[in-house]
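Take a look at the structure below.
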Amino acid sequence: MKKHALSTYNQQMIVARYMSNYGSINRYEAEPEGVCSLAARILDLKDQGFKIKDKREKATDSFGIEHDRISRYWFDKSAMTQEQITKLNKLLEKS
């Protein structure tokens with residue numbers, strides 16, 4: 001398991017980069033990346049103006065236990081303005 005990120009900003013960067021690279025993220029994918037509270041980091045990104053959608057799904061944790069109603073998040077670029085997309089691209093360039 002990776003060392004947890006030291007700041008919420010670093011965790012936001014990890015989440016944004018992961019969603020950009022892989023399309024979406026859930027809490028069990030975020031934890032090994034060092035993100036302590038995915039829902040809080042998603043809220044931080046939404047507060048910055050990024051459009052993020054979610055859906056509930058079944059997911060398996062690192063112990064092989066299946067859980068219902070785990071949120072999967074992704075950027076909703078179709079709902080973003082060009083300004084928001086540019087801001088996202090600049091954010092990802094920093095990471």
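Following the order of the structure tokens, first chain is A, next is B, and so on, with residues numbered from 1 inside each chain and ligands from 1 in the order they appear.
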Hey, what's within 12 Å of stretch 15-26 of chain A if we count only C-alpha atoms and toss same-chain stuff fewer than 6 positions away? As a ChimeraX atom specification, please?
-> /A:5,8-9,32-46,48,50-61,67,69-77,85,87-95
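Running DSSP on the backbone and keeping only strand (DSSP E), the residues of stretch 15-67 of chain A that qualify are Ile25, Asn26, Ile52, Lys53, Asp54, Lys55, Arg56, Glu57, Lys58, Ala59, Thr60, Glu66 and His67 of chain A.
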Nearest candidate to A:Thr81 (options A:Ala30, A:Gly64, A:Met13, A:Gly49; using only C-alpha atoms) =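 When distances to A:Thr81 are compared using only C-alpha atoms, the smallest one comes from A:Gly49.
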